[in-house]
file entry_38.json (JSON, C-alpha atoms)
[["chain", "number", "residue", "atom", "x", "y", "z"],
["G", 134, "MET", "CA", 109.83, 58.56, 38.80],
["G", 135, "ASP", "CA", 107.25, 56.65, 36.77],
["G", 136, "TYR", "CA", 105.14, 56.28, 39.89],
["G", 137, "PHE", "CA", 105.13, 60.06, 40.36],
["G", 138, "TRP", "CA", 103.93, 60.63, 36.80],
["G", 139, "GLU", "CA", 101.34, 57.89, 37.16],
["G", 140, "LEU", "CA", 99.91, 59.71, 40.18],
["G", 141, "PHE", "CA", 100.19, 63.03, 38.38],
["G", 142, "PHE", "CA", 98.09, 61.86, 35.43],
["G", 143, "SER", "CA", 95.68, 60.02, 37.70],
["G", 144, "GLY", "CA", 95.15, 63.28, 39.63],
["G", 145, "LEU", "CA", 94.77, 65.21, 36.39],
["G", 146, "THR", "CA", 92.09, 62.76, 35.25],
["G", 147, "ARG", "CA", 90.18, 63.02, 38.52],
["G", 148, "GLY", "CA", 90.61, 66.77, 38.57],
["G", 149, "SER", "CA", 89.27, 67.12, 35.04],
["G", 150, "ILE", "CA", 86.06, 65.32, 36.01],
["G", 151, "TYR", "CA", 85.72, 67.36, 39.21],
["G", 152, "ALA", "CA", 86.24, 70.53, 37.21],
["G", 153, "LEU", "CA", 83.55, 69.60, 34.65],
["G", 154, "ILE", "CA", 81.01, 69.13, 37.44],
["G", 155, "ALA", "CA", 82.25, 72.08, 39.49],
["G", 156, "LEU", "CA", 81.63, 74.41, 36.56],
["G", 157, "GLY", "CA", 77.92, 73.71, 36.88],
["G", 158, "TYR", "CA", 77.96, 74.60, 40.57],
["G", 159, "THR", "CA", 79.95, 77.76, 40.07],
["G", 160, "MET", "CA", 77.96, 79.02, 37.07],
["G", 161, "VAL", "CA", 74.63, 78.65, 38.84],
["G", 162, "TYR", "CA", 76.00, 80.27, 42.00],
["G", 163, "GLY", "CA", 77.49, 83.10, 39.97],
["G", 164, "ILE", "CA", 74.13, 83.86, 38.36],
["G", 165, "ILE", "CA", 71.58, 83.37, 41.15],
["G", 166, "GLU", "CA", 73.73, 82.64, 44.23],
["G", 167, "LEU", "CA", 72.16, 79.22, 44.66],
["G", 168, "ILE", "CA", 74.06, 76.07, 45.59],
["G", 169, "ASN", "CA", 72.38, 73.52, 43.37],
["G", 170, "PHE", "CA", 72.80, 70.38, 45.48],
["G", 171, "ALA", "CA", 70.89, 68.36, 42.84],
["G", 172, "HIS", "CA", 73.66, 68.97, 40.30],
["G", 173, "GLY", "CA", 75.48, 65.77, 41.27],
["G", 174, "GLU", "CA", 72.34, 63.78, 40.53],
["G", 175, "VAL", "CA", 72.12, 65.33, 37.05],
["G", 176, "TYR", "CA", 75.67, 64.07, 36.50],
["G", 177, "MET", "CA", 74.54, 60.61, 37.68],
["G", 178, "ILE", "CA", 71.53, 60.64, 35.34],
["G", 179, "GLY", "CA", 73.79, 61.59, 32.45],
["G", 180, "ALA", "CA", 75.96, 58.56, 33.24],
["G", 181, "PHE", "CA", 72.91, 56.27, 33.30],
["G", 182, "VAL", "CA", 71.65, 57.58, 29.95],
["G", 183, "GLY", "CA", 75.12, 57.10, 28.49],
["G", 184, "MET", "CA", 75.21, 53.53, 29.80],
["G", 185, "VAL", "CA", 71.82, 52.64, 28.29],
["G", 186, "VAL", "CA", 72.62, 54.17, 24.88],
["G", 187, "ALA", "CA", 76.10, 52.61, 24.87],
["G", 188, "GLY", "CA", 74.64, 49.22, 25.73],
["G", 189, "VAL", "CA", 72.12, 49.38, 22.87],
["G", 190, "LEU", "CA", 74.66, 50.59, 20.31],
["G", 191, "THR", "CA", 77.22, 48.00, 21.43],
["G", 192, "SER", "CA", 74.70, 45.24, 20.78],
["G", 193, "PHE", "CA", 74.37, 46.55, 17.20],
["G", 194, "GLY", "CA", 78.15, 46.44, 16.71],
["G", 195, "PHE", "CA", 78.87, 50.17, 16.44],
["G", 196, "PRO", "CA", 82.57, 51.22, 16.73],
["G", 197, "ALA", "CA", 83.64, 52.30, 20.23],
["G", 198, "MET", "CA", 84.33, 55.93, 19.40],
["G", 199, "SER", "CA", 80.98, 56.30, 17.60],
["G", 200, "ILE", "CA", 79.27, 54.88, 20.67],
["G", 201, "MET", "CA", 81.16, 57.29, 22.91],
["G", 202, "VAL", "CA", 80.07, 60.29, 20.81],
["G", 203, "LEU", "CA", 76.44, 59.20, 20.46],
["G", 204, "ALA", "CA", 76.15, 58.19, 24.12],
["G", 205, "SER", "CA", 77.61, 61.54, 25.19],
["G", 206, "MET", "CA", 75.21, 63.43, 22.92],
["G", 207, "ALA", "CA", 72.22, 61.52, 24.30],
["G", 208, "ALA", "CA", 73.41, 62.09, 27.86],
["G", 209, "VAL", "CA", 73.88, 65.81, 27.21],
["G", 210, "VAL", "CA", 70.36, 66.20, 25.77],
["G", 211, "TYR", "CA", 68.78, 64.23, 28.59],
["G", 212, "ALA", "CA", 70.74, 65.93, 31.37],
["G", 213, "ALA", "CA", 70.10, 69.36, 29.87],
["G", 214, "ALA", "CA", 66.37, 68.63, 29.94],
["G", 215, "TYR", "CA", 66.66, 67.65, 33.60],
["G", 216, "GLY", "CA", 68.64, 70.78, 34.42],
["G", 217, "TYR", "CA", 66.11, 72.99, 32.66],
["G", 218, "THR", "CA", 63.18, 71.27, 34.39],
["G", 219, "LEU", "CA", 64.83, 71.49, 37.81],
["G", 220, "GLU", "CA", 65.23, 75.22, 37.45],
["G", 221, "LYS", "CA", 61.65, 75.60, 36.27],
["G", 222, "ILE", "CA", 59.89, 73.62, 38.97],
["G", 223, "ALA", "CA", 62.22, 73.67, 41.97],
["G", 224, "TYR", "CA", 64.06, 76.99, 41.90],
["G", 225, "ARG", "CA", 62.25, 79.58, 39.79],
["G", 226, "PRO", "CA", 59.12, 79.70, 42.01],
["G", 227, "LEU", "CA", 61.44, 80.37, 44.98],
["G", 228, "ARG", "CA", 63.62, 82.99, 43.34],
["G", 229, "ASN", "CA", 62.38, 85.80, 45.60],
["G", 230, "ALA", "CA", 61.98, 83.63, 48.68],
["G", 231, "PRO", "CA", 64.46, 83.67, 51.60],
["G", 232, "ARG", "CA", 67.76, 82.05, 50.59],
["G", 233, "LEU", "CA", 67.16, 79.03, 52.79],
["G", 234, "SER", "CA", 64.08, 77.98, 50.78],
["G", 235, "PRO", "CA", 65.76, 77.21, 47.43],
["G", 236, "LEU", "CA", 68.59, 75.54, 49.33],
["G", 237, "ILE", "CA", 66.16, 73.15, 50.98],
["G", 238, "SER", "CA", 64.43, 72.66, 47.63],
["G", 239, "ALA", "CA", 67.80, 71.70, 46.09],
["G", 240, "ILE", "CA", 68.49, 69.14, 48.80],
["G", 241, "GLY", "CA", 64.98, 67.76, 48.34],
["G", 242, "MET", "CA", 65.47, 67.41, 44.58],
["G", 243, "SER", "CA", 68.79, 65.67, 45.17],
["G", 244, "ILE", "CA", 67.17, 63.06, 47.42],
["G", 245, "PHE", "CA", 64.21, 62.69, 45.04],
["G", 246, "LEU", "CA", 66.42, 62.06, 41.99],
["G", 247, "GLN", "CA", 68.59, 59.56, 43.86],
["G", 248, "ASN", "CA", 65.56, 57.55, 44.93],
["G", 249, "TYR", "CA", 63.89, 57.91, 41.54],
["G", 250, "VAL", "CA", 66.90, 56.35, 39.79],
["G", 251, "MET", "CA", 67.35, 53.70, 42.50],
["G", 252, "LEU", "CA", 63.73, 52.56, 42.18],
["G", 253, "SER", "CA", 63.57, 52.77, 38.39],
["G", 254, "GLN", "CA", 66.95, 51.04, 37.90],
["G", 255, "THR", "CA", 68.55, 49.27, 40.85],
["G", 256, "SER", "CA", 70.69, 50.04, 43.89],
["G", 257, "ASP", "CA", 73.39, 47.65, 42.63],
["G", 258, "PHE", "CA", 76.38, 48.67, 40.58],
["G", 259, "LEU", "CA", 75.78, 48.28, 36.83],
["G", 260, "SER", "CA", 78.46, 47.61, 34.23],
["G", 261, "PHE", "CA", 79.33, 50.48, 31.92],
["G", 262, "PRO", "CA", 80.76, 49.41, 28.53],
["G", 263, "LYS", "CA", 84.38, 50.34, 27.91],
["G", 264, "LEU", "CA", 84.23, 52.84, 25.07],
["G", 265, "THR", "CA", 87.76, 54.15, 24.92],
["G", 266, "PRO", "CA", 89.93, 52.78, 22.09],
["G", 267, "GLU", "CA", 93.60, 52.07, 22.77],
["G", 268, "PHE", "CA", 95.71, 54.90, 21.36],
["G", 269, "VAL", "CA", 98.83, 53.43, 19.73],
["G", 270, "PHE", "CA", 101.05, 56.46, 20.38],
["G", 271, "LEU", "CA", 100.49, 56.01, 24.13],
["G", 272, "GLU", "CA", 102.10, 52.56, 24.25],
["G", 273, "LYS", "CA", 105.46, 54.07, 25.24],
["G", 274, "TYR", "CA", 103.83, 55.81, 28.18],
["G", 275, "SER", "CA", 101.31, 53.12, 29.12],
["G", 276, "SER", "CA", 102.90, 52.74, 32.57],
["G", 277, "VAL", "CA", 101.97, 56.32, 33.53],
["G", 278, "ILE", "CA", 98.86, 57.18, 31.48],
["G", 279, "GLY", "CA", 96.18, 55.05, 29.87],
["G", 280, "SER", "CA", 94.02, 55.74, 26.83],
["G", 281, "SER", "CA", 91.00, 56.40, 29.01],
["G", 282, "ASP", "CA", 92.87, 58.97, 31.14],
["G", 283, "PHE", "CA", 94.16, 60.65, 28.01],
["G", 284, "LEU", "CA", 90.68, 60.88, 26.49],
["G", 285, "ILE", "CA", 89.19, 62.36, 29.68],
["G", 286, "ILE", "CA", 91.93, 64.99, 29.95],
["G", 287, "VAL", "CA", 91.65, 66.00, 26.28],
["G", 288, "VAL", "CA", 87.84, 66.09, 26.19],
["G", 289, "ALA", "CA", 87.67, 68.06, 29.45],
["G", 290, "ALA", "CA", 90.22, 70.57, 28.17],
["G", 291, "VAL", "CA", 88.36, 71.03, 24.87],
["G", 292, "VAL", "CA", 85.03, 71.46, 26.63],
["G", 293, "MET", "CA", 86.45, 74.03, 29.05],
["G", 294, "ILE", "CA", 88.08, 76.02, 26.27],
["G", 295, "ALA", "CA", 84.82, 75.95, 24.29],
["G", 296, "LEU", "CA", 82.92, 77.17, 27.36],
["G", 297, "SER", "CA", 85.37, 80.03, 27.87],
["G", 298, "LEU", "CA", 85.04, 81.11, 24.24],
["G", 299, "PHE", "CA", 81.25, 80.83, 24.45],
["G", 300, "ILE", "CA", 81.11, 83.07, 27.52],
["G", 301, "LYS", "CA", 83.56, 85.58, 26.12],
["G", 302, "PHE", "CA", 82.37, 86.00, 22.57],
["G", 303, "THR", "CA", 78.72, 84.98, 22.19],
["G", 304, "ARG", "CA", 75.66, 87.11, 22.83],
["G", 305, "MET", "CA", 74.36, 84.67, 25.43],
["G", 306, "GLY", "CA", 77.75, 84.57, 27.11],
["G", 307, "LYS", "CA", 77.79, 88.36, 27.41],
["G", 308, "ALA", "CA", 74.24, 88.26, 28.80],
["G", 309, "MET", "CA", 75.38, 85.69, 31.36],
["G", 310, "ARG", "CA", 78.26, 87.90, 32.45],
["G", 311, "ALA", "CA", 75.96, 90.92, 32.71],
["G", 312, "THR", "CA", 73.42, 88.96, 34.76],
["G", 313, "ALA", "CA", 76.15, 87.67, 37.07],
["G", 314, "GLN", "CA", 77.42, 91.20, 37.70],
["G", 315, "ASN", "CA", 74.04, 92.79, 38.35],
["G", 316, "ARG", "CA", 70.77, 91.04, 37.60],
["G", 317, "LYS", "CA", 68.54, 94.12, 37.91],
["G", 318, "MET", "CA", 70.73, 96.26, 35.70],
["G", 319, "ALA", "CA", 70.87, 93.48, 33.15],
["G", 320, "MET", "CA", 67.05, 93.41, 33.05],
["G", 321, "LEU", "CA", 66.94, 97.18, 32.61],
["G", 322, "VAL", "CA", 69.17, 97.01, 29.53],
["G", 323, "GLY", "CA", 67.00, 94.33, 27.94],
["G", 324, "VAL", "CA", 68.61, 91.06, 29.00],
["G", 325, "ASN", "CA", 66.08, 88.24, 29.33],
["G", 326, "VAL", "CA", 67.23, 87.08, 32.76],
["G", 327, "ASP", "CA", 64.93, 84.05, 32.87],
["G", 328, "GLN", "CA", 66.35, 82.84, 29.59],
["G", 329, "VAL", "CA", 69.90, 83.39, 30.82],
["G", 330, "ILE", "CA", 69.28, 81.43, 34.02],
["G", 331, "SER", "CA", 67.72, 78.55, 32.07],
["G", 332, "ALA", "CA", 70.69, 78.54, 29.70],
["G", 333, "THR", "CA", 73.07, 78.42, 32.66],
["G", 334, "PHE", "CA", 71.36, 75.33, 34.07],
["G", 335, "ILE", "CA", 71.34, 73.68, 30.63],
["G", 336, "ILE", "CA", 75.05, 74.33, 30.04],
["G", 337, "GLY", "CA", 76.06, 73.24, 33.54],
["G", 338, "SER", "CA", 74.01, 70.04, 33.27],
["G", 339, "SER", "CA", 75.49, 69.28, 29.84],
["G", 340, "LEU", "CA", 79.03, 69.55, 31.19],
["G", 341, "ALA", "CA", 78.15, 67.24, 34.08],
["G", 342, "ALA", "CA", 76.65, 64.69, 31.65],
["G", 343, "VAL", "CA", 79.85, 64.61, 29.61],
["G", 344, "GLY", "CA", 81.74, 63.95, 32.84],
["G", 345, "GLY", "CA", 79.30, 61.17, 33.73],
["G", 346, "VAL", "CA", 79.80, 59.29, 30.46],
["G", 347, "LEU", "CA", 83.59, 59.71, 30.59],
["G", 348, "ILE", "CA", 83.92, 58.46, 34.16],
["G", 349, "GLY", "CA", 81.45, 55.62, 33.55],
["G", 350, "SER", "CA", 83.56, 54.33, 30.68],
["G", 351, "HIS", "CA", 86.75, 54.89, 32.71],
["G", 352, "ILE", "CA", 85.66, 53.07, 35.86],
["G", 353, "GLY", "CA", 83.41, 50.52, 34.16],
["G", 354, "GLN", "CA", 80.51, 50.66, 36.60],
["G", 355, "ILE", "CA", 77.96, 53.12, 37.97],
["G", 356, "ASN", "CA", 75.13, 53.21, 40.48],
["G", 357, "PHE", "CA", 72.56, 55.69, 41.75],
["G", 358, "PHE", "CA", 74.89, 57.03, 44.47],
["G", 359, "ILE", "CA", 77.80, 58.20, 42.29],
["G", 360, "GLY", "CA", 76.23, 61.63, 41.91],
["G", 361, "PHE", "CA", 76.24, 62.31, 45.64],
["G", 362, "ILE", "CA", 79.94, 61.56, 46.10],
["G", 363, "ALA", "CA", 81.05, 63.29, 42.91],
["G", 364, "GLY", "CA", 78.75, 66.23, 43.63],
["G", 365, "ILE", "CA", 80.22, 66.78, 47.09],
["G", 366, "LYS", "CA", 83.76, 66.56, 45.70],
["G", 367, "ALA", "CA", 82.96, 68.94, 42.84],
["G", 368, "PHE", "CA", 81.30, 71.37, 45.24],
["G", 369, "THR", "CA", 84.46, 71.19, 47.34],
["G", 370, "ALA", "CA", 86.48, 71.99, 44.23],
["G", 371, "ALA", "CA", 84.24, 74.97, 43.41],
["G", 372, "VAL", "CA", 84.58, 76.36, 46.95],
["G", 373, "LEU", "CA", 88.30, 75.65, 46.94],
["G", 374, "GLY", "CA", 88.83, 77.68, 43.79],
["G", 375, "GLY", "CA", 86.33, 80.39, 44.75],
["G", 376, "ILE", "CA", 82.70, 79.62, 44.02],
["G", 377, "GLY", "CA", 81.32, 81.84, 41.29],
["G", 378, "SER", "CA", 84.61, 81.88, 39.42],
["G", 379, "ILE", "CA", 85.04, 79.71, 36.32],
["G", 380, "PRO", "CA", 88.87, 79.63, 36.45],
["G", 381, "GLY", "CA", 88.52, 78.95, 40.17],
["G", 382, "ALA", "CA", 86.33, 75.88, 39.52],
["G", 383, "VAL", "CA", 88.91, 74.45, 37.10],
["G", 384, "LEU", "CA", 91.81, 75.23, 39.45],
["G", 385, "GLY", "CA", 89.94, 73.81, 42.44],
["G", 386, "GLY", "CA", 89.10, 70.63, 40.55],
["G", 387, "LEU", "CA", 92.70, 70.05, 39.51],
["G", 388, "ILE", "CA", 94.12, 70.76, 42.97],
["G", 389, "LEU", "CA", 91.59, 68.43, 44.54],
["G", 390, "GLY", "CA", 92.36, 65.69, 42.02],
["G", 391, "TRP", "CA", 96.13, 65.94, 42.56],
["G", 392, "THR", "CA", 95.71, 66.10, 46.34],
["G", 393, "GLU", "CA", 93.69, 62.90, 46.37],
["G", 394, "SER", "CA", 95.99, 61.13, 43.95],
["G", 395, "PHE", "CA", 99.32, 61.98, 45.60],
["G", 396, "CYS", "CA", 98.07, 61.55, 49.17],
["G", 397, "THR", "CA", 96.48, 58.17, 48.46],
["G", 398, "GLY", "CA", 99.55, 57.10, 46.49],
["G", 399, "TYR", "CA", 102.19, 58.16, 49.01],
["G", 400, "VAL", "CA", 100.24, 57.95, 52.29],
["G", 401, "SER", "CA", 97.15, 55.71, 52.29],
["G", 402, "SER", "CA", 94.14, 55.12, 50.06],
["G", 403, "ASP", "CA", 91.98, 54.62, 53.17],
["G", 404, "TYR", "CA", 91.97, 58.38, 53.79],
["G", 405, "GLU", "CA", 91.20, 59.63, 50.29],
["G", 406, "ASP", "CA", 88.14, 61.63, 51.35],
["G", 407, "VAL", "CA", 89.87, 62.85, 54.52],
["G", 408, "PHE", "CA", 92.64, 64.47, 52.47],
["G", 409, "ALA", "CA", 90.15, 66.15, 50.15],
["G", 410, "PHE", "CA", 88.03, 67.69, 52.88],
["G", 411, "ALA", "CA", 91.02, 68.53, 55.08],
["G", 412, "LEU", "CA", 92.35, 70.58, 52.18],
["G", 413, "LEU", "CA", 89.02, 72.39, 51.93],
["G", 414, "VAL", "CA", 89.05, 73.20, 55.66],
["G", 415, "ILE", "CA", 92.60, 74.55, 55.47],
["G", 416, "ILE", "CA", 91.78, 76.75, 52.48],
["G", 417, "LEU", "CA", 88.63, 78.09, 54.11],
["G", 418, "ILE", "CA", 90.49, 78.91, 57.33],
["G", 419, "PHE", "CA", 93.19, 80.91, 55.60],
["G", 420, "ARG", "CA", 91.25, 82.09, 52.52],
["G", 421, "PRO", "CA", 87.46, 81.87, 53.09],
["G", 422, "SER", "CA", 86.57, 83.10, 49.60],
["G", 423, "GLY", "CA", 88.64, 80.40, 47.92],
["G", 424, "LEU", "CA", 91.90, 80.61, 46.00],
["G", 425, "LEU", "CA", 90.58, 82.94, 43.28],
["G", 426, "GLY", "CA", 87.67, 84.37, 45.22],
["G", 427, "LYS", "CA", 89.13, 87.86, 45.48],
["G", 428, "ALA", "CA", 91.05, 87.87, 42.24],
["G", 429, "PRO", "CA", 89.69, 90.03, 39.40],
["G", 430, "VAL", "CA", 88.16, 87.09, 37.54],
["G", 431, "GLN", "CA", 84.98, 87.05, 35.54],
["G", 432, "LYS", "CA", 82.00, 85.43, 37.17],
["G", 433, "VAL", "CA", 79.16, 83.65, 35.36]]
call {"tool": "encode", "arguments": {"input": "entry_38.json", "output": "structure tokens"}}
result
Amino acid sequence: MDYFWELFFSGLTRGSIYALIALGYTMVYGIIELINFAHGEVYMIGAFVGMVVAGVLTSFGFPAMSIMVLASMAAVVYAAAYGYTLEKIAYRPLRNAPRLSPLISAIGMSIFLQNYVMLSQTSDFLSFPKLTPEFVFLEKYSSVIGSSDFLIIVVAAVVMIALSLFIKFTRMGKAMRATAQNRKMAMLVGVNVDQVISATFIIGSSLAAVGGVLIGSHIGQINFFIGFIAGIKAFTAAVLGGIGSIPGAVLGGLILGWTESFCTGYVSSDYEDVFAFALLVIILIFRPSGLLGKAPVQKV
């Protein structure tokens, strides 16, 4: 039974990271119906910033949790700046162009950012400092869940709850919902749509950066290609749950994480990606709009 729970928490950990990244995909799609294929690279850049800051602070002897917080904050600021800039230079000029144009621009930015990081850093894997302290109360359950898994699950849950509250109760959140429902009508009632779109990119990029730092500390190494793999998986999660739906992105991320974990644990780890994408194909065949695509959920 312990093995089952080990796979359960492993899937929950993976799913939490997928959900954090998938939220960025689904929020941007909900607002401007663009699939931001460069979002995975923003996640990767967040992880690199976290690694650099964590490395510097570790050399000065800062406590692990302080390093985790400061590295995450630096990654969020840096990734948010990248998200904002991407929207400004790669997508905003193409907002009224045919839908294929911003899509190609997104793919181009994804390739550019991958190569930019590879050339400025290295194509090799780099060590990411372990930042998670050992939680004493988890010793009893150490065979099924580790401190790092626990931290990822808790942080992801807190961030998602905070995002939900932000969208539901703040002025910007209401403007985002209005823009997602009808952009022209939102403009007519005084919503600054450009500002809302920029805020959406900033928030989505910040969530991805948090995921990047958490997974870097969890796995212990990163390279320039982690954004591509994680981005594709998170996009799969967003489509699985119903792209454009925030609850759908979370649900899709968790289902994808558990599918990978249980299938690799009970069948074979060689087919991890096969299971993930097979699940996506099955869902799209029987429910093309995703699991929550037709449910009365709020889009952002």
call {"tool": "atom_distance", "arguments": {"input": "entry_38.json", "atom1": "atom CA of Val189 of chain G", "atom2": "atom CA of Thr218 of chain G"}}
result
26.3 Å
call {"tool": "atom_distance", "arguments": {"input": "entry_38.json", "atom1": "atom CA of His172 of chain G", "atom2": "atom CA of Asp327 of chain G"}}
result
18.9 Å
call {"tool": "residues_near_point", "arguments": {"input": "entry_38.json", "point": "(77.5, 74.7, 39.0)", "cutoff": "12 Å", "atoms": "all atoms listed in the file", "output": "PyMOL selection string"}}
result
chain G and resi 151-173+175-176+216+330+333-341+364-365+367-372+375-379+381-383+432-433
call {"tool": "atom_distance", "arguments": {"input": "entry_38.json", "atom1": "atom CA of Ile278 of chain G", "atom2": "atom CA of Ser143 of chain G"}}
result
7.5 Å
call {"tool": "closest_atom_pairs", "arguments": {"input": "entry_38.json", "of": "segment 281-356 of chain G", "to": "segment 267-271 of chain G", "cutoff": "12 Å", "atoms": "all atoms listed in the file", "output": "JSON lines"}}
result
{"residue": "G:Ser281", "atom": "CA", "partner": "G:Glu267", "partner_atom": "CA", "distance": 8.0}
{"residue": "G:Asp282", "atom": "CA", "partner": "G:Leu271", "partner_atom": "CA", "distance": 10.8}
{"residue": "G:Phe283", "atom": "CA", "partner": "G:Leu271", "partner_atom": "CA", "distance": 8.8}
{"residue": "G:Leu284", "atom": "CA", "partner": "G:Phe268", "partner_atom": "CA", "distance": 9.3}
call {"tool": "residues_around", "arguments": {"input": "entry_38.json", "residues": "Glu393 of chain G", "least_positions_apart": "5", "cutoff": "12 Å", "atoms": "only C-alpha atoms", "output": "JSON, numbers by chain"}}
result
{"G": [140, 141, 142, 143, 144, 145, 146, 147, 148, 151, 366, 370, 386, 387, 388, 398, 399, 400, 401, 402, 403, 404, 405, 406, 407, 408, 409, 410, 411, 412, 413]}
call {"tool": "closest_residue", "arguments": {"input": "entry_38.json", "among": "G:Gly353, G:Gly279, G:Ile178, G:Phe261", "to": "Asn248 of chain G", "atoms": "all atoms listed in the file"}}
result
G:Ile178
call {"tool": "closest_residue", "arguments": {"input": "entry_38.json", "among": "G:Gln354, G:Gln254, G:Gly345, G:Ile244", "to": "Ser149 of chain G", "atoms": "all atoms listed in the file"}}
result
G:Gly345
call {"tool": "closest_atom_pairs", "arguments": {"input": "entry_38.json", "of": "segment 261-306 of chain G", "to": "segment 195-198 of chain G", "cutoff": "10 Å", "atoms": "all atoms listed in the file", "output": "Markdown table"}}
result
| residue | atom | partner | partner_atom | distance |
| --- | --- | --- | --- | --- |
| G:Pro262 | CA | G:Ala197 | CA | 9.2 |
| G:Lys263 | CA | G:Ala197 | CA | 8.0 |
| G:Leu264 | CA | G:Ala197 | CA | 4.9 |
| G:Thr265 | CA | G:Ala197 | CA | 6.5 |
| G:Pro266 | CA | G:Ala197 | CA | 6.6 |
call {"tool": "closest_residue", "arguments": {"input": "entry_38.json", "among": "G:Met206, G:Phe357, G:Pro380, G:Gly374", "to": "Gly423 of chain G", "atoms": "only C-alpha atoms"}}
result
G:Gly374
call {"tool": "closest_residue", "arguments": {"input": "entry_38.json", "among": "G:Ala213, G:Glu272, G:Ser205, G:Ile285", "to": "Ile352 of chain G", "atoms": "all atoms listed in the file"}}
result
G:Ile285
call {"tool": "residues_around", "arguments": {"input": "entry_38.json", "residues": "segment 183-186 of chain G", "least_positions_apart": "3", "cutoff": "9 Å", "atoms": "only C-alpha atoms", "output": "tab-separated table (two decimals) with C-alpha atoms, keeping the file's coordinate frame"}}
result
chain	number	residue	atom	x	y	z
G	178	ILE	CA	71.53	60.64	35.34
G	179	GLY	CA	73.79	61.59	32.45
G	180	ALA	CA	75.96	58.56	33.24
G	189	VAL	CA	72.12	49.38	22.87
G	190	LEU	CA	74.66	50.59	20.31
G	191	THR	CA	77.22	48.00	21.43
G	200	ILE	CA	79.27	54.88	20.67
G	201	MET	CA	81.16	57.29	22.91
G	203	LEU	CA	76.44	59.20	20.46
G	204	ALA	CA	76.15	58.19	24.12
G	205	SER	CA	77.61	61.54	25.19
G	206	MET	CA	75.21	63.43	22.92
G	207	ALA	CA	72.22	61.52	24.30
G	208	ALA	CA	73.41	62.09	27.86
G	209	VAL	CA	73.88	65.81	27.21
G	259	LEU	CA	75.78	48.28	36.83
G	260	SER	CA	78.46	47.61	34.23
G	261	PHE	CA	79.33	50.48	31.92
G	262	PRO	CA	80.76	49.41	28.53
G	342	ALA	CA	76.65	64.69	31.65
G	343	VAL	CA	79.85	64.61	29.61
G	345	GLY	CA	79.30	61.17	33.73
G	346	VAL	CA	79.80	59.29	30.46
G	349	GLY	CA	81.45	55.62	33.55
G	350	SER	CA	83.56	54.33	30.68
G	355	ILE	CA	77.96	53.12	37.97
call {"tool": "residues_around", "arguments": {"input": "entry_38.json", "residues": "Gln328 of chain G", "least_positions_apart": "3", "cutoff": "10 Å", "atoms": "only C-alpha atoms", "output": "list in words"}}
result
Met305, Ala308, Met309, Val324, Asn325, Ser331, Ala332 and Thr333 of chain G
call {"tool": "decode", "arguments": {"input": "entry_38.json", "residues": "segment 330-339 of chain G", "atoms": "N, CA, C and O atoms", "output": "PDB file, in the first residue's frame"}}
result
ATOM      1  N   ILE G 330      -4.238  42.612 -20.500  1.00  0.00           N
ATOM      2  CA  ILE G 330      -3.466  41.579 -21.203  1.00  0.00           C
ATOM      3  C   ILE G 330      -2.038  41.515 -20.658  1.00  0.00           C
ATOM      4  O   ILE G 330      -1.496  40.441 -20.423  1.00  0.00           O
ATOM      5  N   SER G 331      -1.440  42.695 -20.438  1.00  0.00           N
ATOM      6  CA  SER G 331      -0.089  42.706 -19.864  1.00  0.00           C
ATOM      7  C   SER G 331      -0.075  42.050 -18.487  1.00  0.00           C
ATOM      8  O   SER G 331       0.824  41.258 -18.166  1.00  0.00           O
ATOM      9  N   ALA G 332      -1.083  42.371 -17.679  1.00  0.00           N
ATOM     10  CA  ALA G 332      -1.160  41.785 -16.332  1.00  0.00           C
ATOM     11  C   ALA G 332      -1.310  40.269 -16.413  1.00  0.00           C
ATOM     12  O   ALA G 332      -0.734  39.532 -15.597  1.00  0.00           O
ATOM     13  N   THR G 333      -2.052  39.799 -17.396  1.00  0.00           N
ATOM     14  CA  THR G 333      -2.239  38.352 -17.556  1.00  0.00           C
ATOM     15  C   THR G 333      -0.915  37.665 -17.863  1.00  0.00           C
ATOM     16  O   THR G 333      -0.598  36.609 -17.295  1.00  0.00           O
ATOM     17  N   PHE G 334      -0.130  38.249 -18.748  1.00  0.00           N
ATOM     18  CA  PHE G 334       1.187  37.674 -19.060  1.00  0.00           C
ATOM     19  C   PHE G 334       2.097  37.704 -17.836  1.00  0.00           C
ATOM     20  O   PHE G 334       2.848  36.757 -17.575  1.00  0.00           O
ATOM     21  N   ILE G 335       2.050  38.808 -17.091  1.00  0.00           N
ATOM     22  CA  ILE G 335       2.906  38.934 -15.905  1.00  0.00           C
ATOM     23  C   ILE G 335       2.540  37.883 -14.856  1.00  0.00           C
ATOM     24  O   ILE G 335       3.416  37.205 -14.298  1.00  0.00           O
ATOM     25  N   ILE G 336       1.247  37.717 -14.611  1.00  0.00           N
ATOM     26  CA  ILE G 336       0.812  36.743 -13.597  1.00  0.00           C
ATOM     27  C   ILE G 336       1.160  35.315 -14.039  1.00  0.00           C
ATOM     28  O   ILE G 336       1.694  34.514 -13.267  1.00  0.00           O
ATOM     29  N   GLY G 337       0.848  34.998 -15.303  1.00  0.00           N
ATOM     30  CA  GLY G 337       1.149  33.654 -15.800  1.00  0.00           C
ATOM     31  C   GLY G 337       2.638  33.346 -15.740  1.00  0.00           C
ATOM     32  O   GLY G 337       3.044  32.244 -15.337  1.00  0.00           O
ATOM     33  N   SER G 338       3.467  34.316 -16.099  1.00  0.00           N
ATOM     34  CA  SER G 338       4.921  34.115 -16.062  1.00  0.00           C
ATOM     35  C   SER G 338       5.413  33.950 -14.625  1.00  0.00           C
ATOM     36  O   SER G 338       6.321  33.150 -14.356  1.00  0.00           O
ATOM     37  N   SER G 339       4.821  34.691 -13.700  1.00  0.00           N
ATOM     38  CA  SER G 339       5.216  34.589 -12.290  1.00  0.00           C
ATOM     39  C   SER G 339       4.919  33.195 -11.743  1.00  0.00           C
ATOM     40  O   SER G 339       5.735  32.609 -11.017  1.00  0.00           O
TER      41      SER G 339
END
